[in-house]
file final31.cif (mmCIF, C-alpha atoms and all ligand atoms)
data_model
#
loop_
_atom_site.label_atom_id
_atom_site.label_comp_id
_atom_site.auth_asym_id
_atom_site.auth_seq_id
_atom_site.Cartn_x
_atom_site.Cartn_y
_atom_site.Cartn_z
CA MET N 1028 90.61 61.48 -165.44
CA ALA N 1029 88.04 58.89 -166.33
CA THR N 1030 85.06 60.25 -168.19
CA LEU N 1031 81.62 59.42 -166.95
CA THR N 1032 79.55 57.13 -169.15
CA LYS N 1033 76.89 59.17 -170.80
CA ILE N 1034 73.46 58.27 -169.51
CA GLU N 1035 71.47 57.12 -172.52
CA SER N 1036 68.20 56.38 -170.87
CA PRO N 1037 67.26 58.10 -167.63
CA ILE N 1038 64.59 55.45 -167.09
CA THR N 1039 66.89 52.41 -167.18
CA ASN N 1040 69.48 54.20 -165.03
CA VAL N 1041 67.03 55.49 -162.49
CA GLY N 1042 67.94 52.86 -159.88
CA ILE N 1043 71.55 54.01 -159.74
CA ASP N 1044 71.33 57.66 -160.51
CA SER N 1045 68.39 58.46 -158.25
CA LYS N 1046 70.20 57.58 -155.01
CA ARG N 1047 71.87 60.78 -153.92
CA PRO N 1048 72.16 60.96 -150.11
CA ARG N 1049 73.76 64.39 -150.46
CA ARG N 1050 70.33 65.86 -151.30
CA LEU N 1051 69.41 65.95 -147.63
CA ARG N 1052 72.73 67.47 -146.57
CA GLN N 1053 72.55 70.58 -148.74
CA SER N 1054 71.67 73.09 -146.07
CA ALA N 1055 71.81 73.46 -142.32
CA ALA N 1056 68.00 73.47 -142.27
CA LEU N 1057 67.75 70.15 -144.12
CA ARG N 1058 70.44 68.59 -142.00
CA SER N 1059 68.67 69.72 -138.87
CA LEU N 1060 65.30 68.44 -140.07
CA PHE N 1061 66.70 64.97 -140.69
CA SER N 1062 69.08 64.73 -137.75
CA GLU N 1063 68.42 61.38 -136.05
CA THR N 1064 69.84 61.89 -132.59
CA ASN N 1065 69.87 64.76 -130.16
CA VAL N 1066 71.48 65.54 -126.85
CA GLU N 1067 69.66 67.94 -124.58
CA PRO N 1068 70.85 69.26 -121.23
CA ARG N 1069 67.96 67.38 -119.59
CA ASN N 1070 69.64 64.12 -120.68
CA LEU N 1071 72.88 64.99 -118.89
CA VAL N 1072 74.09 64.36 -115.36
CA LEU N 1073 77.07 66.27 -113.98
CA PRO N 1074 79.40 64.62 -111.42
CA ILE N 1075 80.17 66.82 -108.39
CA PHE N 1076 83.04 66.37 -105.94
CA VAL N 1077 82.38 67.59 -102.42
CA ARG N 1078 85.15 67.89 -99.91
CA GLU N 1079 84.77 68.34 -96.20
CA GLY N 1080 85.82 71.79 -95.01
CA ASN N 1081 84.99 75.45 -95.52
CA GLN N 1082 85.35 77.81 -98.46
CA ILE N 1083 87.03 75.20 -100.62
CA LYS N 1084 87.04 75.46 -104.38
CA GLU N 1085 90.08 73.68 -105.71
CA GLN N 1086 90.70 72.77 -109.30
CA ILE N 1087 91.52 69.14 -110.01
CA ASP N 1088 94.88 69.15 -111.83
CA SER N 1089 94.08 66.34 -114.22
CA MET N 1090 90.55 67.65 -114.95
CA PRO N 1091 90.72 71.32 -115.97
CA GLY N 1092 87.40 73.05 -115.25
CA ILE N 1093 86.31 70.56 -112.55
CA PHE N 1094 86.56 71.50 -108.87
CA ARG N 1095 86.31 70.04 -105.41
CA LEU N 1096 83.82 72.11 -103.44
CA SER N 1097 83.02 72.34 -99.75
CA PRO N 1098 79.33 71.91 -98.87
CA ASP N 1099 78.73 75.65 -98.32
CA GLU N 1100 78.11 78.73 -100.49
CA ASN N 1101 80.55 77.35 -103.06
CA LEU N 1102 78.35 74.34 -103.58
CA GLU N 1103 75.22 76.47 -103.50
CA ARG N 1104 76.48 78.71 -106.33
CA GLU N 1105 77.37 75.66 -108.39
CA ILE N 1106 73.91 74.15 -107.88
CA LEU N 1107 72.14 77.34 -108.92
CA GLU N 1108 74.23 77.48 -112.08
CA ILE N 1109 73.55 73.82 -112.92
CA GLN N 1110 69.84 74.38 -112.39
CA SER N 1111 69.77 77.49 -114.56
CA LEU N 1112 71.43 75.54 -117.37
CA GLY N 1113 68.64 72.96 -117.37
CA ILE N 1114 70.95 70.03 -116.64
CA GLY N 1115 69.01 66.88 -115.73
CA GLY N 1116 70.79 65.99 -112.53
CA ILE N 1117 74.00 65.64 -110.58
CA ILE N 1118 75.84 62.68 -109.13
CA VAL N 1119 77.65 63.38 -105.87
CA PHE N 1120 81.04 62.00 -104.81
CA GLY N 1121 82.54 62.75 -101.40
CA LEU N 1122 86.04 63.31 -100.04
CA PRO N 1123 85.82 62.68 -96.30
CA LYS N 1124 88.19 64.06 -93.67
CA ILE N 1125 88.81 60.67 -92.12
CA LYS N 1126 89.23 57.27 -93.78
CA ASP N 1127 89.20 53.91 -92.01
CA PRO N 1128 89.06 50.22 -92.96
CA PHE N 1129 85.24 50.26 -92.90
CA GLY N 1130 84.64 53.51 -94.72
CA SER N 1131 82.51 54.71 -91.79
CA GLU N 1132 82.28 58.26 -93.08
CA ALA N 1133 80.26 56.99 -96.03
CA TYR N 1134 77.26 56.29 -93.76
CA ASN N 1135 77.83 58.98 -91.15
CA VAL N 1136 74.69 61.09 -90.80
CA ASN N 1137 76.98 64.13 -90.89
CA GLY N 1138 79.31 62.78 -93.56
CA VAL N 1139 80.34 65.12 -96.34
CA VAL N 1140 77.89 63.69 -98.88
CA GLN N 1141 75.01 63.80 -96.39
CA GLN N 1142 75.83 67.44 -95.57
CA ALA N 1143 76.10 68.25 -99.27
CA VAL N 1144 72.79 66.60 -100.17
CA ARG N 1145 70.94 68.53 -97.46
CA ARG N 1146 72.50 71.77 -98.68
CA ILE N 1147 71.70 70.98 -102.31
CA LYS N 1148 68.09 70.19 -101.51
CA GLN N 1149 67.74 73.46 -99.59
CA THR N 1150 69.14 75.30 -102.61
CA SER N 1151 67.13 73.51 -105.25
CA SER N 1152 64.28 71.14 -104.64
CA GLU N 1153 63.95 70.31 -108.36
CA LEU N 1154 67.41 69.15 -109.39
CA VAL N 1155 67.71 65.34 -109.38
CA VAL N 1156 70.38 64.36 -106.85
CA ILE N 1157 72.03 61.00 -107.37
CA CYS N 1158 74.44 59.58 -104.78
CA ASP N 1159 77.23 57.22 -105.74
CA VAL N 1160 77.19 54.24 -103.38
CA CYS N 1161 80.72 52.92 -102.95
CA MET N 1162 83.46 52.68 -100.36
CA CYS N 1163 86.70 53.46 -102.22
CA GLU N 1164 86.70 57.16 -101.32
CA TYR N 1165 86.14 56.29 -97.65
CA THR N 1166 88.38 53.29 -96.94
CA ASP N 1167 92.00 53.84 -95.92
CA HIS N 1168 93.08 51.07 -98.32
CA GLY N 1169 91.13 52.53 -101.26
CA HIS N 1170 89.28 49.34 -102.23
CA CYS N 1171 85.54 49.38 -102.88
CA GLY N 1172 84.71 47.10 -99.95
CA ILE N 1173 85.68 45.47 -96.68
CA LEU N 1174 88.90 43.45 -96.67
CA ASN N 1175 89.48 40.06 -95.03
CA PRO N 1176 92.81 39.37 -93.28
CA ARG N 1177 94.27 38.18 -96.57
CA GLY N 1178 93.56 41.55 -98.18
CA GLN N 1179 90.70 40.30 -100.36
CA VAL N 1180 87.44 42.22 -100.74
CA GLU N 1181 84.71 40.34 -98.84
CA ASN N 1182 81.63 40.46 -100.98
CA ASP N 1183 78.87 39.62 -98.54
CA ARG N 1184 80.12 41.84 -95.71
CA THR N 1185 80.56 44.69 -98.16
CA ILE N 1186 76.99 44.62 -99.45
CA GLU N 1187 75.67 45.11 -95.91
CA PHE N 1188 77.74 48.28 -95.70
CA LEU N 1189 76.56 49.41 -99.13
CA ALA N 1190 72.95 49.04 -97.99
CA ARG N 1191 73.73 51.10 -94.89
CA ILE N 1192 75.34 53.83 -97.05
CA ALA N 1193 72.35 53.94 -99.39
CA VAL N 1194 69.88 54.27 -96.50
CA SER N 1195 71.95 57.08 -95.02
CA GLN N 1196 71.96 58.92 -98.38
CA ALA N 1197 68.21 58.39 -98.67
CA ASN N 1198 67.78 59.89 -95.20
CA ALA N 1199 69.80 62.93 -96.27
CA GLY N 1200 67.41 63.52 -99.19
CA ALA N 1201 68.95 61.81 -102.24
CA ASP N 1202 66.57 61.18 -105.17
CA ILE N 1203 68.43 58.16 -106.59
CA VAL N 1204 71.16 55.89 -105.23
CA ALA N 1205 73.75 54.51 -107.63
CA PRO N 1206 75.84 51.55 -106.45
CA SER N 1207 79.22 51.40 -108.21
CA ALA N 1208 81.18 48.91 -106.10
CA MET N 1209 80.57 45.95 -108.44
CA MET N 1210 79.86 43.56 -105.56
CA ASP N 1211 77.64 40.59 -106.34
CA ASN N 1212 74.06 41.06 -105.10
CA GLN N 1213 74.62 44.70 -104.15
CA VAL N 1214 71.36 45.77 -105.80
CA LEU N 1215 69.40 43.17 -103.83
CA ALA N 1216 71.02 44.16 -100.53
CA ILE N 1217 70.40 47.86 -101.17
CA ARG N 1218 66.80 47.25 -102.28
CA GLN N 1219 66.11 45.29 -99.09
CA GLY N 1220 67.87 47.87 -96.93
CA LEU N 1221 65.94 50.75 -98.47
CA ASP N 1222 62.61 48.95 -98.30
CA SER N 1223 62.98 48.00 -94.66
CA ALA N 1224 63.87 51.63 -93.83
CA GLY N 1225 60.67 52.83 -95.54
CA PHE N 1226 62.35 53.96 -98.77
CA GLU N 1227 60.57 51.59 -101.14
CA SER N 1228 60.12 54.49 -103.60
CA MET N 1229 63.84 55.25 -103.85
CA PRO N 1230 65.11 54.33 -107.33
CA ILE N 1231 68.36 52.41 -107.79
CA MET N 1232 70.56 53.30 -110.73
CA SER N 1233 72.94 50.38 -110.92
CA TYR N 1234 76.41 50.62 -112.43
CA SER N 1235 75.45 47.26 -113.91
CA SER N 1236 78.39 46.85 -116.28
CA LYS N 1237 81.41 48.64 -114.97
CA TYR N 1238 84.75 47.70 -116.45
CA ALA N 1239 88.19 47.65 -114.78
CA SER N 1240 89.34 50.64 -116.78
CA ALA N 1241 92.40 52.87 -116.93
CA PHE N 1242 90.01 55.64 -117.99
CA TYR N 1243 89.19 56.19 -114.28
CA GLY N 1244 92.71 57.51 -113.60
CA PRO N 1245 91.88 61.22 -113.25
CA PHE N 1246 88.83 60.44 -111.06
CA ARG N 1247 91.00 58.59 -108.59
CA GLU N 1248 93.17 61.69 -108.31
CA ALA N 1249 90.05 63.87 -108.00
CA ALA N 1250 88.49 61.70 -105.31
CA GLY N 1251 91.69 60.40 -103.70
CA SER N 1252 90.39 56.88 -104.19
CA ALA N 1253 93.20 54.90 -105.84
CA PRO N 1254 93.69 51.48 -104.20
CA SER N 1255 96.81 51.44 -102.01
CA PHE N 1256 97.68 47.96 -103.30
CA GLY N 1257 96.56 45.73 -106.15
CA ASP N 1258 93.80 46.68 -108.57
CA ARG N 1259 90.04 46.32 -108.97
CA LYS N 1260 90.07 43.40 -111.41
CA THR N 1261 88.49 40.93 -108.97
CA TYR N 1262 85.30 42.99 -108.89
CA GLN N 1263 85.21 45.23 -111.99
CA MET N 1264 84.78 43.62 -115.41
CA ASP N 1265 87.34 42.53 -117.97
CA PRO N 1266 87.40 45.00 -120.90
CA SER N 1267 87.48 42.11 -123.37
CA ASN N 1268 83.97 40.95 -122.45
CA VAL N 1269 80.57 41.90 -123.77
CA ARG N 1270 78.35 38.87 -123.02
CA GLU N 1271 79.35 39.26 -119.39
CA ALA N 1272 77.83 42.76 -119.49
CA LEU N 1273 74.48 41.23 -120.45
CA ARG N 1274 74.78 38.70 -117.61
CA GLU N 1275 75.65 41.37 -115.05
CA THR N 1276 72.82 43.58 -116.27
CA ARG N 1277 70.30 40.73 -116.16
CA ILE N 1278 71.16 39.98 -112.54
CA ASP N 1279 70.76 43.64 -111.56
CA VAL N 1280 67.43 43.90 -113.37
CA GLU N 1281 66.19 40.77 -111.58
CA GLN N 1282 67.27 42.28 -108.26
CA GLY N 1283 65.23 45.41 -108.85
CA ALA N 1284 67.48 47.96 -110.56
CA ASP N 1285 65.42 50.85 -111.97
CA VAL N 1286 68.13 52.25 -114.24
CA ILE N 1287 71.08 50.33 -115.70
CA MET N 1288 74.47 51.66 -116.78
CA VAL N 1289 77.49 51.05 -118.95
CA LYS N 1290 80.78 52.55 -117.82
CA PRO N 1291 83.05 53.83 -119.36
CA ALA N 1292 81.24 55.00 -122.49
CA LEU N 1293 83.55 55.59 -125.43
CA SER N 1294 85.51 52.36 -125.63
CA TYR N 1295 82.26 50.53 -124.82
CA LEU N 1296 79.76 51.87 -127.34
CA ASP N 1297 79.22 48.30 -128.53
CA VAL N 1298 78.29 47.33 -124.97
CA ILE N 1299 75.81 50.22 -124.77
CA LYS N 1300 74.27 49.03 -128.01
CA ALA N 1301 74.09 45.40 -126.87
CA VAL N 1302 72.55 46.30 -123.51
CA ARG N 1303 70.07 48.65 -125.19
CA ALA N 1304 68.96 45.88 -127.55
CA GLU N 1305 68.40 43.38 -124.73
CA PHE N 1306 66.81 45.44 -121.94
CA ASP N 1307 64.01 47.97 -121.79
CA LEU N 1308 65.01 49.84 -118.64
CA PRO N 1309 66.39 53.38 -118.90
CA LEU N 1310 70.07 53.14 -119.76
CA ALA N 1311 72.78 55.49 -118.51
CA ALA N 1312 76.31 55.75 -119.88
CA TYR N 1313 79.19 57.22 -117.92
CA ASN N 1314 81.51 59.40 -120.02
CA VAL N 1315 84.31 59.01 -117.45
CA SER N 1316 87.14 61.18 -116.20
CA GLY N 1317 89.84 59.89 -118.57
CA GLU N 1318 87.56 60.50 -121.54
CA TYR N 1319 87.18 64.09 -120.31
CA SER N 1320 90.86 64.69 -119.54
CA MET N 1321 92.11 63.41 -122.90
CA ILE N 1322 89.86 65.83 -124.75
CA LYS N 1323 90.73 68.75 -122.45
CA ALA N 1324 94.46 68.08 -122.78
CA ALA N 1325 94.34 67.96 -126.56
CA ALA N 1326 92.14 71.07 -126.68
CA ILE N 1327 94.45 73.06 -124.39
CA ASN N 1328 97.27 72.20 -126.76
CA GLY N 1329 95.24 73.44 -129.71
CA TRP N 1330 95.26 70.01 -131.34
CA ILE N 1331 91.50 69.54 -131.61
CA ASP N 1332 88.33 71.62 -131.74
CA GLU N 1333 86.93 70.92 -128.28
CA GLU N 1334 83.31 71.96 -128.93
CA ARG N 1335 82.95 69.85 -132.04
CA ILE N 1336 84.64 66.88 -130.37
CA VAL N 1337 82.33 67.11 -127.35
CA ASP N 1338 79.26 67.29 -129.60
CA GLU N 1339 80.46 64.28 -131.54
CA VAL N 1340 81.26 62.26 -128.41
CA LEU N 1341 77.94 62.95 -126.68
CA HIS N 1342 75.95 62.21 -129.84
CA SER N 1343 77.85 58.95 -130.35
CA ILE N 1344 76.85 57.80 -126.87
CA ARG N 1345 73.20 58.64 -127.51
CA ARG N 1346 73.35 57.01 -130.95
CA ALA N 1347 74.67 53.81 -129.36
CA GLY N 1348 71.52 53.80 -127.23
CA ALA N 1349 72.07 55.61 -123.94
CA ASP N 1350 69.12 57.56 -122.55
CA ILE N 1351 71.14 59.60 -120.13
CA ILE N 1352 74.82 60.53 -120.11
CA ILE N 1353 76.85 61.24 -117.02
CA SER N 1354 79.50 63.67 -118.22
CA TYR N 1355 81.95 66.25 -116.91
CA PHE N 1356 81.12 68.20 -120.09
CA ALA N 1357 77.50 68.70 -118.99
CA LYS N 1358 77.89 72.38 -118.11
CA ASP N 1359 79.93 73.27 -121.20
CA TYR N 1360 77.44 71.53 -123.45
CA ALA N 1361 74.36 72.96 -121.72
CA ARG N 1362 75.76 76.49 -121.92
CA ARG N 1363 76.23 76.21 -125.67
CA TRP N 1364 72.87 74.49 -126.13
CA LYS N 1365 71.14 77.28 -124.23
CA ASN N 1366 72.82 79.97 -126.35
CA SER N 1367 71.66 78.32 -129.55
CA HIS N 1368 68.04 77.67 -128.51
C1 LIG W 1401 83.78 54.20 -107.62
C2 LIG W 1401 83.70 55.05 -108.82
C3 LIG W 1401 84.72 55.33 -109.71
C4 LIG W 1401 84.18 56.16 -110.70
C5 LIG W 1401 82.87 56.37 -110.37
N1 LIG W 1401 82.56 55.66 -109.21
C6 LIG W 1401 86.15 55.00 -109.68
C7 LIG W 1401 86.64 53.62 -109.70
O1 LIG W 1401 85.90 52.65 -109.89
O2 LIG W 1401 87.84 53.50 -109.48
C8 LIG W 1401 84.96 56.67 -111.87
C9 LIG W 1401 84.35 57.81 -112.58
C10 LIG W 1401 85.26 58.49 -113.54
O3 LIG W 1401 86.37 58.02 -113.88
O4 LIG W 1401 84.86 59.55 -114.00
N2 LIG W 1401 83.34 54.84 -106.47
#
call {"tool": "encode", "arguments": {"input": "final31.cif", "output": "structure tokens"}}
result
Amino acid sequence: MATLTKIESPITNVGIDSKRPRRLRQSAALRSLFSETNVEPRNLVLPIFVREGNQIKEQIDSMPGIFRLSPDENLEREILEIQSLGIGGIIVFGLPKIKDPFGSEAYNVNGVVQQAVRRIKQTSSELVVICDVCMCEYTDHGHCGILNPRGQVENDRTIEFLARIAVSQANAGADIVAPSAMMDNQVLAIRQGLDSAGFESMPIMSYSSKYASAFYGPFREAAGSAPSFGDRKTYQMDPSNVREALRETRIDVEQGADVIMVKPALSYLDVIKAVRAEFDLPLAAYNVSGEYSMIKAAAINGWIDEERIVDEVLHSIRRAGADIIISYFAKDYARRWKNSH
């Protein structure tokens, strides 16, 4: 073992010896006082899957602890629990009974999401209800838009449908609409659609940089929304890009987005940080299904400490610069937070 050099003069050594970061880590109270980032339930949004039918509460195999619920008492109970935990909001995804090439159920006044939103609003007028605006759960081919005869997604036809979906969700009582289809000019089309229907106060939370990610795998099982052919790489972004995220975000901001988003979160913390540095709008990050399932799977096997991992993950997303986090862990985290406050 090397012996430490004896300090001859405390004055001349003060520059080196005085820097001891461990001083502020000595006790839980000091650590808490100097903690830089926090995650509160009010910052979290929980995704909810609603499925047409009665008395349905089915667990999603690849997402232990997450269920598909019918828009009845099952949903009502869930909403009351979410509200009592102080969670900031929910984002609703629908599984319709019928799918067709135009995703008509997505804008049906009695579609499953519209039914669910009305029920949620009757149950709780306070909880912020966000509706995902997309077509993949509603089209029989599973793509996020309308196809041309060559099987390509037609951008400009699709955005008309997205606007129609958003207006229908607004009519049902949604507080925020969140377009996730990654069509060019979708924010503009939705803004115009909402405004001309009298919903100029309806905020748009844009999935402004959404990557073509394998981390959505469990969601596609949950929502039955995997494309029946091909992939989503012609509309979702290439995971190797970060400047493109700034370009996409800038366009959405110019078109009137009120909240911007980076999705997924964990492999894209650098993107969250870059977007945060460039834009001043509220920024959401989506801690997606695959990020949830990987942690759950390892925890079920006893390989990791789930609570500590979840704390670490959520704090990392906030530290990168997200204001709000959409996460399937919202209830677990809020329950623990409540018990310790
Ligand atoms: C599209 C949509 C998807 C997710 C949210 N909105 C799936 C996709 O793009 O394939 C994924 C969310 C998750 O993985 O948790 N409607």
call {"tool": "residues_around", "arguments": {"input": "final31.cif", "residues": "segment 1277-1282 of chain N", "least_positions_apart": "2", "cutoff": "7 Å", "atoms": "all atoms listed in the file", "output": "MDAnalysis selection string"}}
result
chainID N and resid 1214:1215 1235 1273:1275 1284
call {"tool": "write_last_selection", "arguments": {"input": "final31.cif", "atoms": "C-alpha atoms", "output": "compact mmCIF listing (two decimals), in the frame of the given file"}}
result
# COMPACT_ATOMS: atom_id res chain seq x y z
CA VAL N 1214 71.36 45.77 -105.80
CA LEU N 1215 69.40 43.17 -103.83
CA SER N 1235 75.45 47.26 -113.91
CA LEU N 1273 74.48 41.23 -120.45
CA ARG N 1274 74.78 38.70 -117.61
CA GLU N 1275 75.65 41.37 -115.05
CA ALA N 1284 67.48 47.96 -110.56
call {"tool": "residues_around", "arguments": {"input": "final31.cif", "residues": "segment 1059-1064 of chain N", "least_positions_apart": "3", "cutoff": "7 Å", "atoms": "all atoms listed in the file", "output": "count of residues only"}}
result
5
call {"tool": "atom_distance", "arguments": {"input": "final31.cif", "atom1": "atom CA of Val1289 of chain N", "atom2": "atom CA of Lys1237 of chain N"}}
result
6.1 Å
call {"tool": "residues_around", "arguments": {"input": "final31.cif", "residues": "Asp1183 of chain N", "least_positions_apart": "3", "cutoff": "10 Å", "atoms": "all atoms listed in the file", "output": "ChimeraX atom specification"}}
result
/N:1172-1173,1180,1186-1188,1210-1213,1216
call {"tool": "residues_around", "arguments": {"input": "final31.cif", "residues": "Ile1114 of chain N", "least_positions_apart": "5", "cutoff": "10 Å", "atoms": "all atoms listed in the file", "output": "JSON, numbers by chain"}}
result
{"N": [1067, 1068, 1069, 1070, 1071, 1072, 1073, 1108, 1109, 1154, 1155, 1357, 1358, 1360, 1361, 1362]}
call {"tool": "closest_residue", "arguments": {"input": "final31.cif", "among": "N:Thr1276, N:Ser1267, N:Ser1207, N:Ser1343", "to": "ligand LIG 1401 (chain W)", "atoms": "only C-alpha atoms and all ligand atoms"}}
result
N:Ser1207
call {"tool": "residues_around", "arguments": {"input": "final31.cif", "residues": "segment 1243-1255 of chain N", "least_positions_apart": "2", "cutoff": "6 Å", "atoms": "all atoms listed in the file", "output": "VMD selection string"}}
result
chain N and resid 1087 1089 1163 to 1164 1168 to 1170 1241 1316 to 1317
call {"tool": "write_last_selection", "arguments": {"input": "final31.cif", "atoms": "C-alpha atoms", "output": "compact mmCIF listing (two decimals), in the frame of the given file"}}
result
# COMPACT_ATOMS: atom_id res chain seq x y z
CA ILE N 1087 91.52 69.14 -110.01
CA SER N 1089 94.08 66.34 -114.22
CA CYS N 1163 86.70 53.46 -102.22
CA GLU N 1164 86.70 57.16 -101.32
CA HIS N 1168 93.08 51.07 -98.32
CA GLY N 1169 91.13 52.53 -101.26
CA HIS N 1170 89.28 49.34 -102.23
CA ALA N 1241 92.40 52.87 -116.93
CA SER N 1316 87.14 61.18 -116.20
CA GLY N 1317 89.84 59.89 -118.57
call {"tool": "atom_distance", "arguments": {"input": "final31.cif", "atom1": "atom CA of Ile1299 of chain N", "atom2": "atom CA of Ala1272 of chain N"}}
result
9.4 Å
call {"tool": "atom_distance", "arguments": {"input": "final31.cif", "atom1": "atom CA of Asp1127 of chain N", "atom2": "atom CA of Leu1102 of chain N"}}
result
25.9 Å
call {"tool": "build_atoms", "arguments": {"input": "final31.cif", "residues": "segment 1089-1103 of chain N", "atoms": "N, CA and C atoms", "output": "PDB file, keeping the file's coordinate frame"}}
result
ATOM      1  N   SER N1089      94.210  67.155-113.006  1.00  0.00           N
ATOM      2  CA  SER N1089      94.080  66.340-114.220  1.00  0.00           C
ATOM      3  C   SER N1089      92.742  66.549-114.929  1.00  0.00           C
ATOM      4  N   MET N1090      91.869  67.414-114.349  1.00  0.00           N
ATOM      5  CA  MET N1090      90.550  67.650-114.950  1.00  0.00           C
ATOM      6  C   MET N1090      90.250  69.148-115.001  1.00  0.00           C
ATOM      7  N   PRO N1091      90.910  69.860-115.915  1.00  0.00           N
ATOM      8  CA  PRO N1091      90.720  71.320-115.970  1.00  0.00           C
ATOM      9  C   PRO N1091      89.234  71.674-116.065  1.00  0.00           C
ATOM     10  N   GLY N1092      88.800  72.636-115.216  1.00  0.00           N
ATOM     11  CA  GLY N1092      87.400  73.050-115.250  1.00  0.00           C
ATOM     12  C   GLY N1092      86.530  72.318-114.232  1.00  0.00           C
ATOM     13  N   ILE N1093      87.082  71.307-113.556  1.00  0.00           N
ATOM     14  CA  ILE N1093      86.310  70.560-112.550  1.00  0.00           C
ATOM     15  C   ILE N1093      86.951  70.824-111.179  1.00  0.00           C
ATOM     16  N   PHE N1094      86.090  71.061-110.193  1.00  0.00           N
ATOM     17  CA  PHE N1094      86.560  71.500-108.870  1.00  0.00           C
ATOM     18  C   PHE N1094      86.070  70.592-107.760  1.00  0.00           C
ATOM     19  N   ARG N1095      86.826  70.608-106.661  1.00  0.00           N
ATOM     20  CA  ARG N1095      86.310  70.040-105.410  1.00  0.00           C
ATOM     21  C   ARG N1095      85.730  71.203-104.623  1.00  0.00           C
ATOM     22  N   LEU N1096      84.508  71.021-104.133  1.00  0.00           N
ATOM     23  CA  LEU N1096      83.820  72.110-103.440  1.00  0.00           C
ATOM     24  C   LEU N1096      83.462  71.686-102.017  1.00  0.00           C
ATOM     25  N   SER N1097      83.521  72.635-101.105  1.00  0.00           N
ATOM     26  CA  SER N1097      83.020  72.340 -99.750  1.00  0.00           C
ATOM     27  C   SER N1097      81.509  72.544 -99.753  1.00  0.00           C
ATOM     28  N   PRO N1098      80.806  71.848 -98.840  1.00  0.00           N
ATOM     29  CA  PRO N1098      79.330  71.910 -98.870  1.00  0.00           C
ATOM     30  C   PRO N1098      78.799  73.203 -98.240  1.00  0.00           C
ATOM     31  N   ASP N1099      79.172  74.347 -98.827  1.00  0.00           N
ATOM     32  CA  ASP N1099      78.730  75.650 -98.320  1.00  0.00           C
ATOM     33  C   ASP N1099      78.276  76.523 -99.491  1.00  0.00           C
ATOM     34  N   GLU N1100      78.547  77.818 -99.411  1.00  0.00           N
ATOM     35  CA  GLU N1100      78.110  78.730-100.490  1.00  0.00           C
ATOM     36  C   GLU N1100      78.707  78.338-101.838  1.00  0.00           C
ATOM     37  N   ASN N1101      79.919  77.780-101.802  1.00  0.00           N
ATOM     38  CA  ASN N1101      80.550  77.350-103.060  1.00  0.00           C
ATOM     39  C   ASN N1101      79.698  76.320-103.787  1.00  0.00           C
ATOM     40  N   LEU N1102      79.201  75.386-103.000  1.00  0.00           N
ATOM     41  CA  LEU N1102      78.350  74.340-103.580  1.00  0.00           C
ATOM     42  C   LEU N1102      77.010  74.945-104.018  1.00  0.00           C
ATOM     43  N   GLU N1103      76.504  75.840-103.199  1.00  0.00           N
ATOM     44  CA  GLU N1103      75.220  76.470-103.500  1.00  0.00           C
ATOM     45  C   GLU N1103      75.264  77.201-104.855  1.00  0.00           C
TER      46      GLU N1103
END
